[in-house]
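For reference, the structure discussed in these notes is given below.
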Amino acid sequence: MPGSELYEKFMALHTRDGGLVMPNAWDGLSALMLADAGFEAIATSSAAIAATLGRLDRRHEVTREEHLEHARLLGRLTGLPVNGDFEDGYGDMPEDVAATVEAAVESGLAGIGVEDTSGDPDQPIRDFDEAVHRVRSAVDAAKGRIVVTGRTDNFIQGRPDLDDTIRRLTAFAEAGADVVYAPFPPDREALVAIVTAVAPTPVNVLVSPSDKVLTVAELQHAGVKRISLGPLLYTHAMGALEQATKALRAGDLASATTGMSFARVNEVLARGMN
């Protein structure tokens with residue numbers, strides 16, 4: 001599918017009534033299971049990819065090429081639009097961000113996120129002008145071929161400044177970002193303030209505000225257009241594995257070996273081969 005058509009298809013999911021729930025996969029089977037469940041788009045998770053490779057979730061711990069290869073796999077198996085959780089665009093300079101966007105387009109991704117994180121523990125959030133310039137560079141490179149999400153990590157980097165968060169997200173939208181995103185606003189009121197300030201630009205939310213996990217319907221009522229889950233489906237699965245290992249250590253083979261049958265695994269995998 002040409003990039004512009006893929007863009008329109010993916011963007012339409014954001015602008016319809018209710019928007020979309022966009023879960024994050026971490027391997028081929030998880031992606032196929034999400035497709036089998038009826039989800040219309042999926043995303044990568046930089047944290048989950050890193051964990052599957054035995055790495056910590058740190059800046060560029062997964063390389064751009066590794067991430068692109070992973071995203072291509074998810075798209076090829078499922079045929080769904082794939083949004084790339086591409087950290088800061090894999091580079092310090094705006095032209096690096098533009099190159100990453102171009103590579104994502106060539107890899108068939110439907111969307112890509114660009115964060116304002118710096119990787120510098122002393123100043124984890126980039127200056128306002130630099131952050132906006134980087135999003136604008138991503139938009140210019142996208143040329144309507146891939147959905148660009150502008151993201152500020154103020155809240156998760158210990159900067160609980162709602163006014164600055166709204167200022168950044170508004171500027172990202174004005175720079176042409178198709179979607180804006182600030183993980184874990186403190187509460188529903190802050191979330192509604194963000195949605196109102198950037199309207200009509202769609203807002204992504206990672207599960208919920210910090211203070212309470214809301215339902216999908218409650219988030220939709222607040223005006224959210226896209227709900228992602230980051231690494232939380234992955235950690236949910238790993239929680240089940242941890243319980244199984246504890247049962248196994250206790251000698252309880254029955255509890256340790258319940259779950260999806262391998263026949264079901266093969267059934268889901270076979271769909272990705274068609």
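Lettering and numbering for the structure tokens are positional, with chains as A, B, ... in the shown order, residues counted from 1 in each chain, and ligands counted from 1 in the shown order.
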
Asn204 of chain A surroundings by only C-alpha atoms, 10 Å radius, close-in-sequence under 4 positions cut, as an mmCIF file with N, CA, C and O atoms, in the first residue's frame:
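The resulting part_38.cif:
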```cif
data_model
loop_
_atom_site.group_PDB
_atom_site.id
_atom_site.type_symbol
_atom_site.label_atom_id
_atom_site.label_comp_id
_atom_site.auth_asym_id
_atom_site.auth_seq_id
_atom_site.Cartn_x
_atom_site.Cartn_y
_atom_site.Cartn_z
ATOM 1 N N HIS A 14 -8.137 7.460 13.941
ATOM 2 C CA HIS A 14 -8.025 8.463 14.995
ATOM 3 C C HIS A 14 -9.159 9.476 14.956
ATOM 4 O O HIS A 14 -9.503 10.057 15.994
ATOM 5 N N GLY A 19 -12.364 6.815 18.298
ATOM 6 C CA GLY A 19 -10.936 6.593 18.064
ATOM 7 C C GLY A 19 -10.581 5.117 18.049
ATOM 8 O O GLY A 19 -11.327 4.292 17.515
ATOM 9 N N LEU A 20 -9.456 4.768 18.659
ATOM 10 C CA LEU A 20 -9.004 3.374 18.617
ATOM 11 C C LEU A 20 -8.207 3.005 19.853
ATOM 12 O O LEU A 20 -7.612 3.860 20.505
ATOM 13 N N VAL A 21 -8.222 1.729 20.149
ATOM 14 C CA VAL A 21 -7.305 1.130 21.124
ATOM 15 C C VAL A 21 -6.193 0.479 20.315
ATOM 16 O O VAL A 21 -6.458 -0.343 19.432
ATOM 17 N N MET A 22 -4.955 0.858 20.589
ATOM 18 C CA MET A 22 -3.806 0.412 19.808
ATOM 19 C C MET A 22 -2.812 -0.304 20.731
ATOM 20 O O MET A 22 -1.900 0.294 21.279
ATOM 21 N N THR A 149 3.438 11.382 15.627
ATOM 22 C CA THR A 149 3.000 11.693 16.979
ATOM 23 C C THR A 149 4.084 12.489 17.683
ATOM 24 O O THR A 149 5.227 12.030 17.800
ATOM 25 N N GLY A 150 3.736 13.676 18.154
ATOM 26 C CA GLY A 150 4.650 14.484 18.946
ATOM 27 C C GLY A 150 4.401 14.224 20.422
ATOM 28 O O GLY A 150 3.284 14.371 20.902
ATOM 29 N N ARG A 151 5.452 13.862 21.135
ATOM 30 C CA ARG A 151 5.300 13.420 22.523
ATOM 31 C C ARG A 151 6.225 14.200 23.446
ATOM 32 O O ARG A 151 7.402 14.390 23.139
ATOM 33 N N VAL A 179 -0.840 13.612 15.830
ATOM 34 C CA VAL A 179 -1.297 13.149 17.135
ATOM 35 C C VAL A 179 -0.335 13.718 18.170
ATOM 36 O O VAL A 179 0.861 13.899 17.868
ATOM 37 N N VAL A 180 -0.815 14.010 19.373
ATOM 38 C CA VAL A 180 0.074 14.436 20.452
ATOM 39 C C VAL A 180 -0.137 13.545 21.662
ATOM 40 O O VAL A 180 -1.187 12.900 21.818
ATOM 41 N N TYR A 181 0.849 13.563 22.577
ATOM 42 C CA TYR A 181 0.913 12.506 23.585
ATOM 43 C C TYR A 181 1.797 12.962 24.741
ATOM 44 O O TYR A 181 2.925 13.400 24.534
ATOM 45 N N ALA A 182 1.262 12.858 25.953
ATOM 46 C CA ALA A 182 2.041 13.097 27.174
ATOM 47 C C ALA A 182 1.730 11.960 28.136
ATOM 48 O O ALA A 182 0.672 11.964 28.784
ATOM 49 N N PRO A 183 2.601 10.965 28.233
ATOM 50 C CA PRO A 183 2.305 9.820 29.096
ATOM 51 C C PRO A 183 2.041 10.226 30.548
ATOM 52 O O PRO A 183 2.754 11.052 31.108
ATOM 53 N N VAL A 195 -6.603 17.633 26.192
ATOM 54 C CA VAL A 195 -7.471 17.367 25.038
ATOM 55 C C VAL A 195 -8.109 18.656 24.535
ATOM 56 O O VAL A 195 -8.155 18.927 23.320
ATOM 57 N N SER A 208 -3.925 5.304 31.078
ATOM 58 C CA SER A 208 -4.782 6.174 31.873
ATOM 59 C C SER A 208 -3.953 7.279 32.509
ATOM 60 O O SER A 208 -2.717 7.250 32.453
ATOM 61 N N GLY A 223 -12.427 12.540 25.706
ATOM 62 C CA GLY A 223 -11.961 13.076 24.432
ATOM 63 C C GLY A 223 -10.730 12.416 23.870
ATOM 64 O O GLY A 223 -10.215 12.844 22.826
ATOM 65 N N VAL A 224 -10.227 11.366 24.528
ATOM 66 C CA VAL A 224 -9.044 10.656 24.034
ATOM 67 C C VAL A 224 -9.385 9.942 22.731
ATOM 68 O O VAL A 224 -10.445 9.339 22.600
ATOM 69 N N LYS A 225 -8.477 9.987 21.777
ATOM 70 C CA LYS A 225 -8.702 9.359 20.474
ATOM 71 C C LYS A 225 -7.867 8.106 20.242
ATOM 72 O O LYS A 225 -8.147 7.334 19.330
ATOM 73 N N ARG A 226 -6.823 7.922 21.043
ATOM 74 C CA ARG A 226 -6.004 6.713 20.873
ATOM 75 C C ARG A 226 -5.501 6.268 22.238
ATOM 76 O O ARG A 226 -4.988 7.076 23.013
ATOM 77 N N ILE A 227 -5.650 4.988 22.503
ATOM 78 C CA ILE A 227 -5.193 4.411 23.768
ATOM 79 C C ILE A 227 -4.133 3.364 23.445
ATOM 80 O O ILE A 227 -4.393 2.409 22.711
ATOM 81 N N SER A 228 -2.932 3.564 23.968
ATOM 82 C CA SER A 228 -1.862 2.583 23.804
ATOM 83 C C SER A 228 -1.526 1.970 25.155
ATOM 84 O O SER A 228 -1.938 2.486 26.200
#
```

Name the residues of segment 169-264 of chain A that fall into strand (DSSP E) according to DSSP on the backbone, using the chain letters and numbers of this document, as a PDB file with N, CA, C and O atoms, in the first residue's frame.
```pdb
ATOM      1  N   VAL A 179      -0.840  13.612  15.830  1.00  0.00           N
ATOM      2  CA  VAL A 179      -1.297  13.149  17.135  1.00  0.00           C
ATOM      3  C   VAL A 179      -0.335  13.718  18.170  1.00  0.00           C
ATOM      4  O   VAL A 179       0.861  13.899  17.868  1.00  0.00           O
ATOM      5  N   VAL A 180      -0.815  14.010  19.373  1.00  0.00           N
ATOM      6  CA  VAL A 180       0.074  14.436  20.452  1.00  0.00           C
ATOM      7  C   VAL A 180      -0.137  13.545  21.662  1.00  0.00           C
ATOM      8  O   VAL A 180      -1.187  12.900  21.818  1.00  0.00           O
ATOM      9  N   TYR A 181       0.849  13.563  22.577  1.00  0.00           N
ATOM     10  CA  TYR A 181       0.913  12.506  23.585  1.00  0.00           C
ATOM     11  C   TYR A 181       1.797  12.962  24.741  1.00  0.00           C
ATOM     12  O   TYR A 181       2.925  13.400  24.534  1.00  0.00           O
ATOM     13  N   VAL A 203      -5.447  13.017  20.683  1.00  0.00           N
ATOM     14  CA  VAL A 203      -4.560  12.793  21.822  1.00  0.00           C
ATOM     15  C   VAL A 203      -4.455  11.301  22.109  1.00  0.00           C
ATOM     16  O   VAL A 203      -5.464  10.595  22.153  1.00  0.00           O
ATOM     17  N   ASN A 204      -3.211  10.840  22.289  1.00  0.00           N
ATOM     18  CA  ASN A 204      -2.947   9.463  22.714  1.00  0.00           C
ATOM     19  C   ASN A 204      -2.768   9.437  24.228  1.00  0.00           C
ATOM     20  O   ASN A 204      -2.207  10.360  24.816  1.00  0.00           O
ATOM     21  N   VAL A 205      -3.233   8.360  24.852  1.00  0.00           N
ATOM     22  CA  VAL A 205      -3.034   8.155  26.282  1.00  0.00           C
ATOM     23  C   VAL A 205      -2.446   6.763  26.496  1.00  0.00           C
ATOM     24  O   VAL A 205      -2.881   5.801  25.856  1.00  0.00           O
ATOM     25  N   LEU A 206      -1.456   6.686  27.367  1.00  0.00           N
ATOM     26  CA  LEU A 206      -0.883   5.398  27.753  1.00  0.00           C
ATOM     27  C   LEU A 206      -1.687   4.866  28.940  1.00  0.00           C
ATOM     28  O   LEU A 206      -1.489   5.293  30.081  1.00  0.00           O
ATOM     29  N   ARG A 226      -6.823   7.922  21.043  1.00  0.00           N
ATOM     30  CA  ARG A 226      -6.004   6.713  20.873  1.00  0.00           C
ATOM     31  C   ARG A 226      -5.501   6.268  22.238  1.00  0.00           C
ATOM     32  O   ARG A 226      -4.988   7.076  23.013  1.00  0.00           O
ATOM     33  N   ILE A 227      -5.650   4.988  22.503  1.00  0.00           N
ATOM     34  CA  ILE A 227      -5.193   4.411  23.768  1.00  0.00           C
ATOM     35  C   ILE A 227      -4.133   3.364  23.445  1.00  0.00           C
ATOM     36  O   ILE A 227      -4.393   2.409  22.711  1.00  0.00           O
ATOM     37  N   SER A 228      -2.932   3.564  23.968  1.00  0.00           N
ATOM     38  CA  SER A 228      -1.862   2.583  23.804  1.00  0.00           C
ATOM     39  C   SER A 228      -1.526   1.970  25.155  1.00  0.00           C
ATOM     40  O   SER A 228      -1.938   2.486  26.200  1.00  0.00           O
TER      41      SER A 228
END
```

Residues of segment 37-264 of chain A in alpha helix (DSSP H), written as a PyMOL selection string: chain A and resi 46-52+64-78+94-106+128-142+162-174+188-198+216-221+232-249+253-256+262-264

Can you pull out the residues contacting Thr258 of chain A? Cut-off 12 Å, using only C-alpha atoms, and skip same-chain residues under 3 positions away; I want them as a list in words.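 Neighbouring residues, sequence-local ones excluded: Ala240, Leu241, Gln243, Ala244, Thr245, Ala247, Leu248, Asp252, Leu253, Ala254, Ser255, Ser261 and Phe262 of chain A.
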
Interatomic distance between atom CA of Val213 of chain A and atom CA of Gly239 of chain A?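 It comes out at 18.6 Å.
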
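The two atoms in question, atom CA of Thr215 of chain A and atom CA of Leu229 of chain A, are spaced 12.8 Å apart.
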
With only C-alpha atoms as the counted atoms, please give the residues lying no more than 12 Å from Asp129 of chain A, apart from itself and same-chain residues fewer than 2 positions off, as a PyMOL selection string. chain A and resi 94+116+125-127+131-136+167-168+171-172+175

Show me, as number ranges by chain, the residues that have an atom within 8 Å of Val147 of chain A when counting only C-alpha atoms, minus same-chain residues fewer than 4 positions from it. A: 7, 10-11, 110-112, 142, 177-179

Serialized selection, C-alpha atoms, as a compact mmCIF listing (two decimals), in the first residue's frame:
```
# COMPACT_ATOMS: atom_id res chain seq x y z
CA TYR A 7 -1.52 7.35 6.20
CA PHE A 10 -4.40 4.91 9.91
CA MET A 11 -5.42 8.53 10.44
CA ALA A 110 1.84 3.67 9.45
CA GLY A 111 2.95 5.90 12.31
CA ILE A 112 5.96 7.06 14.26
CA ALA A 142 6.69 12.54 6.55
CA ALA A 177 2.02 16.61 14.33
CA ASP A 178 -0.99 14.43 13.55
CA VAL A 179 -1.30 13.15 17.14
```

Between A:Gly38, A:Glu115, A:Phe128, A:Ala103, which is the closest to Arg145 of chain A once you count only C-alpha atoms? A:Ala103

Rounded to one decimal place, report the atom CA of Ser137 of chain A-atom CA of Glu87 of chain A distance in Å.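 Calculated distance between atom CA of Ser137 of chain A and atom CA of Glu87 of chain A is 15.0 Å.
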
Go through segment 217-265 of chain A and flag each residue having an atom no more than 7 Å from segment 42-63 of chain A; for those, report the closest pair of atoms plus their distance in Å to one decimal, using only C-alpha atoms, ordered by chain and rising number, as a Markdown table.
```
| residue | atom | partner | partner_atom | distance |
| --- | --- | --- | --- | --- |
| A:Gly230 | CA | A:Ser45 | CA | 5.5 |
| A:Pro231 | CA | A:Ala48 | CA | 5.1 |
| A:Tyr234 | CA | A:Ala48 | CA | 6.4 |
```

Could you save the residues just selected, with N, CA, C and O atoms, as a PDB file, in the first residue's frame?
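Saved the output as selection.pdb:
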```pdb
ATOM      1  N   GLY A 230       1.830   0.557  25.813  1.00  0.00           N
ATOM      2  CA  GLY A 230       3.265   0.484  26.077  1.00  0.00           C
ATOM      3  C   GLY A 230       3.699  -0.954  26.325  1.00  0.00           C
ATOM      4  O   GLY A 230       3.260  -1.878  25.638  1.00  0.00           O
ATOM      5  N   PRO A 231       4.526  -1.185  27.358  1.00  0.00           N
ATOM      6  CA  PRO A 231       5.000  -2.547  27.631  1.00  0.00           C
ATOM      7  C   PRO A 231       4.080  -3.339  28.551  1.00  0.00           C
ATOM      8  O   PRO A 231       4.429  -4.442  28.978  1.00  0.00           O
ATOM      9  N   TYR A 234       3.037  -6.877  27.713  1.00  0.00           N
ATOM     10  CA  TYR A 234       4.230  -7.726  27.855  1.00  0.00           C
ATOM     11  C   TYR A 234       4.471  -8.063  29.329  1.00  0.00           C
ATOM     12  O   TYR A 234       4.698  -9.231  29.679  1.00  0.00           O
TER      13      TYR A 234
END
```
